[in-house]
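The structure appears right after this line, and notes come after that.
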Amino acid sequence: MAPGTTAGHSTHTAQVNKQSRARRSPLASLGLHATLIGASLIAVFPIAWVVLSSFKPKQWVQSSELTLVKEPTLGNYEYVLFETNFPTWMLNSVIIALCTMAIGILMSATTGYALSRFNFPGRRKLMMVFLVTQMFPVAVLIVPIYKIMATLGLINTHASLVIAYLTIAVPFCSWMLKGYFDSIPTSLDEAASIDGCGPFQTFWRVIMPLARPGIAVTAFYTFLTAWGEVAYASAFIQTDDRFTLAYGMQQFVPQFNAQWEYLTAAAVLVTVPAGLVFLYAQRHLVSGLTAGGTKG
Amino acid sequence: MSTDTATPARTSPPPRETRRPSRLRRSWDKHWYAWVMVAPVVLVLGVLIFYPLGRGILLSFTNLTEANQLAEICSKSITGTEVCKPNPNAWEVVGVDNYVNILTGKVGEFWQQFGVTLLWTVTCVVFHYGLGLGLAVLLNRPMRGRGIYRVLLILPWAVPAFVSAFAWRFMFNEQFGLINSLFESVGLDRVEWFADWKTALLTAIIANIWLGVPFMMVTLLGGMQTIPGEQYEAAEIDGATPWQRFVNITLPGLRSVSMTVLLLGFIWTFNMFPIIFLVTGGEPAGQTEILVTGAFRSAFEGIRNYSLSSTYGVLILSILLVFSVFYRRALRKQGEVW
């Protein structure tokens, strides 16, 4: 959605709602806030519970007695951070997520731009293909992709995961960005071409800077895809020093008797970076996603 | 929304096939930059999705497994030269046997898993959409603390899916899980969540609803903000009640966003692997398995049965393709261009 139109609409909405706000009775106001507080509690609670549990020693994590925090300790975090390969896994995850993000943005931005601006033969088919790729169950693609990676000699490398994550993220991101580019007036492209810019220059110098909110959403999406993926990571990576966080965390789940106290601490450590990226990007989420969602 | 104004290219139809020998060349001259821009994506998707898909379709007509994949068995002889003999149990083409076996229930539990998948998908999507829409409506009005509510309500989305799955499994733990402890403290009986398929599926559905509502909420909220405020003003002057405004302005205004997210939500939930796999793990006795996890289990546990997993994959993909074709056709009948 173009910045100008957004602003226009939201001021209108605000005006209308200001009127209705003035008329909202205290009872309605109470109901509204009560509902939202209730919903927020439900949304936050499971996360809060895992965070609380991560500070408890083992006997209180695995106790049926209800305690918020009893004998709080940092022992679980200490174990996870210093007695395991957790820092290495964190580094692997960061490298993989950042590579996926950088390559993913570049690929989906050019594709989204081409889909939005040029009516080239194959355009509609490509759009269909993007929808169809959403239907592929990961569980079924893993074996053939594993074989391809083995043929290319990429098993147990970061590259194999980056490539695999691109196949998940890029179709959806191209789709989203196409919608976003659609909302940037084409008169800008025309002006640029009159000024002597080729299609690539127009894309890079004019459109990319304007599309920053859309790009932010795409970046966030690719980052989180790479950060939280487990299936490919467990199939392609074989040695302890190459694990990603998501897969490394499974180390605390042996066949029987999961080590819940370490799991909770690891879960918090895995979630914090992802959550920060998320909260940073979430301002742009509404505009970015809607632009992608409105038109196929 | 200004989206439809933006593609002038769309109005001129693509060059139809002509008999001129130079048409490829001319097409290339005209569109090469577009093709260059999409080439990397096409390449990656082609190699990593369509090539495997093609192979998968072919594999589904064979009986290839990890055990019979070699065409020849080679052994070193005493002189050091390799002697190869054809593998007597090598894989072979078996036609549609895999499909027959799966669809008649001889292998796996296809129909049971299909039923669970439908129940799971429809329940989750209905709640995702309903709750997402409700919360979006509430958030789409000015009030104190709106920004805080929004961030808090989005939080579940910020958590990687497998961490959420783990958190819910932790809370539903039968011995020391929070939920059973809460039940006990208010005088209710503990529930053996994973002993019965209904309660087990319920745990997974609750976890997935919790996980999926923020996406719907945010998307619908964004959609609502593109509905021109004049429409509400006009309706208010005409004396429309809030409910009438919701039904006659908000819902139609959200139509195209809704249709897209409902289709995507359906597809994503249908294929939602980590939640079922990690929360119920198919307990009890595989009765809460959905098609995707069922396929994974029947294909990867024990000897890797590549042909079987391919057959499952083709079946899952076909179901979703048929569904989306009908979905889109239904939309088109109602005049939706999408």
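We label chains A, B, ... in the order they appear in the structure tokens, count residues from 1 in each chain, and number ligands from 1 in the order shown.
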_Residues flagged helix (DSSP H, G or I) by DSSP in range 175-241 of chain B, as a VMD selection string_ = chain B and resid 178 to 185 193 to 195 197 to 225 229 to 237
Take the residues just selected and output them with C-alpha atoms as a compact mmCIF listing (two decimals), in the first residue's frame.
# COMPACT_ATOMS: atom_id res chain seq x y z
CA LEU B 178 0.47 -26.91 34.37
CA ILE B 179 -2.99 -27.68 33.04
CA ASN B 180 -3.44 -30.80 35.10
CA SER B 181 -2.07 -29.02 38.16
CA LEU B 182 -4.61 -26.25 37.62
CA PHE B 183 -7.39 -28.80 37.22
CA GLU B 184 -6.35 -30.42 40.46
CA SER B 185 -6.15 -27.17 42.37
CA TRP B 193 -4.60 -36.07 27.66
CA PHE B 194 -2.78 -38.47 25.40
CA ALA B 195 -4.70 -41.61 26.32
CA TRP B 197 -7.53 -39.54 20.57
CA LYS B 198 -10.14 -36.88 21.16
CA THR B 199 -8.34 -35.18 24.03
CA ALA B 200 -4.98 -35.71 22.33
CA LEU B 201 -6.20 -34.04 19.15
CA LEU B 202 -7.72 -31.30 21.28
CA THR B 203 -4.30 -30.47 22.76
CA ALA B 204 -2.79 -30.16 19.29
CA ILE B 205 -5.71 -28.06 18.04
CA ILE B 206 -5.46 -25.71 21.02
CA ALA B 207 -1.73 -25.31 20.43
CA ASN B 208 -2.24 -24.63 16.75
CA ILE B 209 -5.07 -22.16 17.29
CA TRP B 210 -2.88 -20.29 19.75
CA LEU B 211 -0.12 -20.28 17.16
CA GLY B 212 -2.17 -19.24 14.13
CA VAL B 213 -4.55 -16.53 15.36
CA PRO B 214 -1.98 -13.68 15.27
CA PHE B 215 -1.35 -14.14 11.55
CA MET B 216 -5.06 -13.89 10.75
CA MET B 217 -5.51 -11.01 13.16
CA VAL B 218 -2.70 -8.95 11.67
CA THR B 219 -3.68 -9.64 8.08
CA LEU B 220 -7.33 -8.83 8.66
CA LEU B 221 -6.42 -5.75 10.67
CA GLY B 222 -4.33 -4.57 7.75
CA GLY B 223 -7.22 -5.25 5.42
CA MET B 224 -9.58 -3.24 7.59
CA GLN B 225 -7.30 -0.25 7.52
CA GLY B 229 -13.53 5.68 6.30
CA GLU B 230 -16.14 7.53 4.19
CA GLN B 231 -18.11 4.30 3.89
CA TYR B 232 -18.46 4.07 7.65
CA GLU B 233 -19.33 7.74 7.89
CA ALA B 234 -22.06 7.38 5.28
CA ALA B 235 -23.43 4.29 6.98
CA GLU B 236 -23.47 6.02 10.33
CA ILE B 237 -25.36 8.98 8.91
*By how many Å are CA of Gly214 in chain A and CA of Thr186 in chain A apart?*
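Atom-to-atom, CA of Gly214 in chain A and CA of Thr186 in chain A are spaced 16.6 Å apart.
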*Nearby residues (only C-alpha atoms) at most 8 Å from range 317-322 of chain B, same-chain spacing under 5 positions excluded, as a list in words*: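 Listing them by chain and then by number gives Val132, Met135, Phe136 and Pro137 of chain A; Ile267 of chain B.
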*Enumerate as a count of residues only all residues of range 28-135 of chain B assigned to strand (DSSP E) by DSSP on the backbone, naming them with the chain letters and numbers the document uses.*
10
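Distance annotation: of A:Phe55, A:Tyr180, A:Phe203, A:Tyr247, the residue with the minimal separation from Gly228 in chain A is A:Tyr247; atom set is only C-alpha atoms.
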_Atom pair CA of Ala161 in chain B / CA of Ala285 in chain B: separation (Å)_ =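 Answer for the CA of Ala161 in chain B to CA of Ala285 in chain B separation: 23.8 Å.
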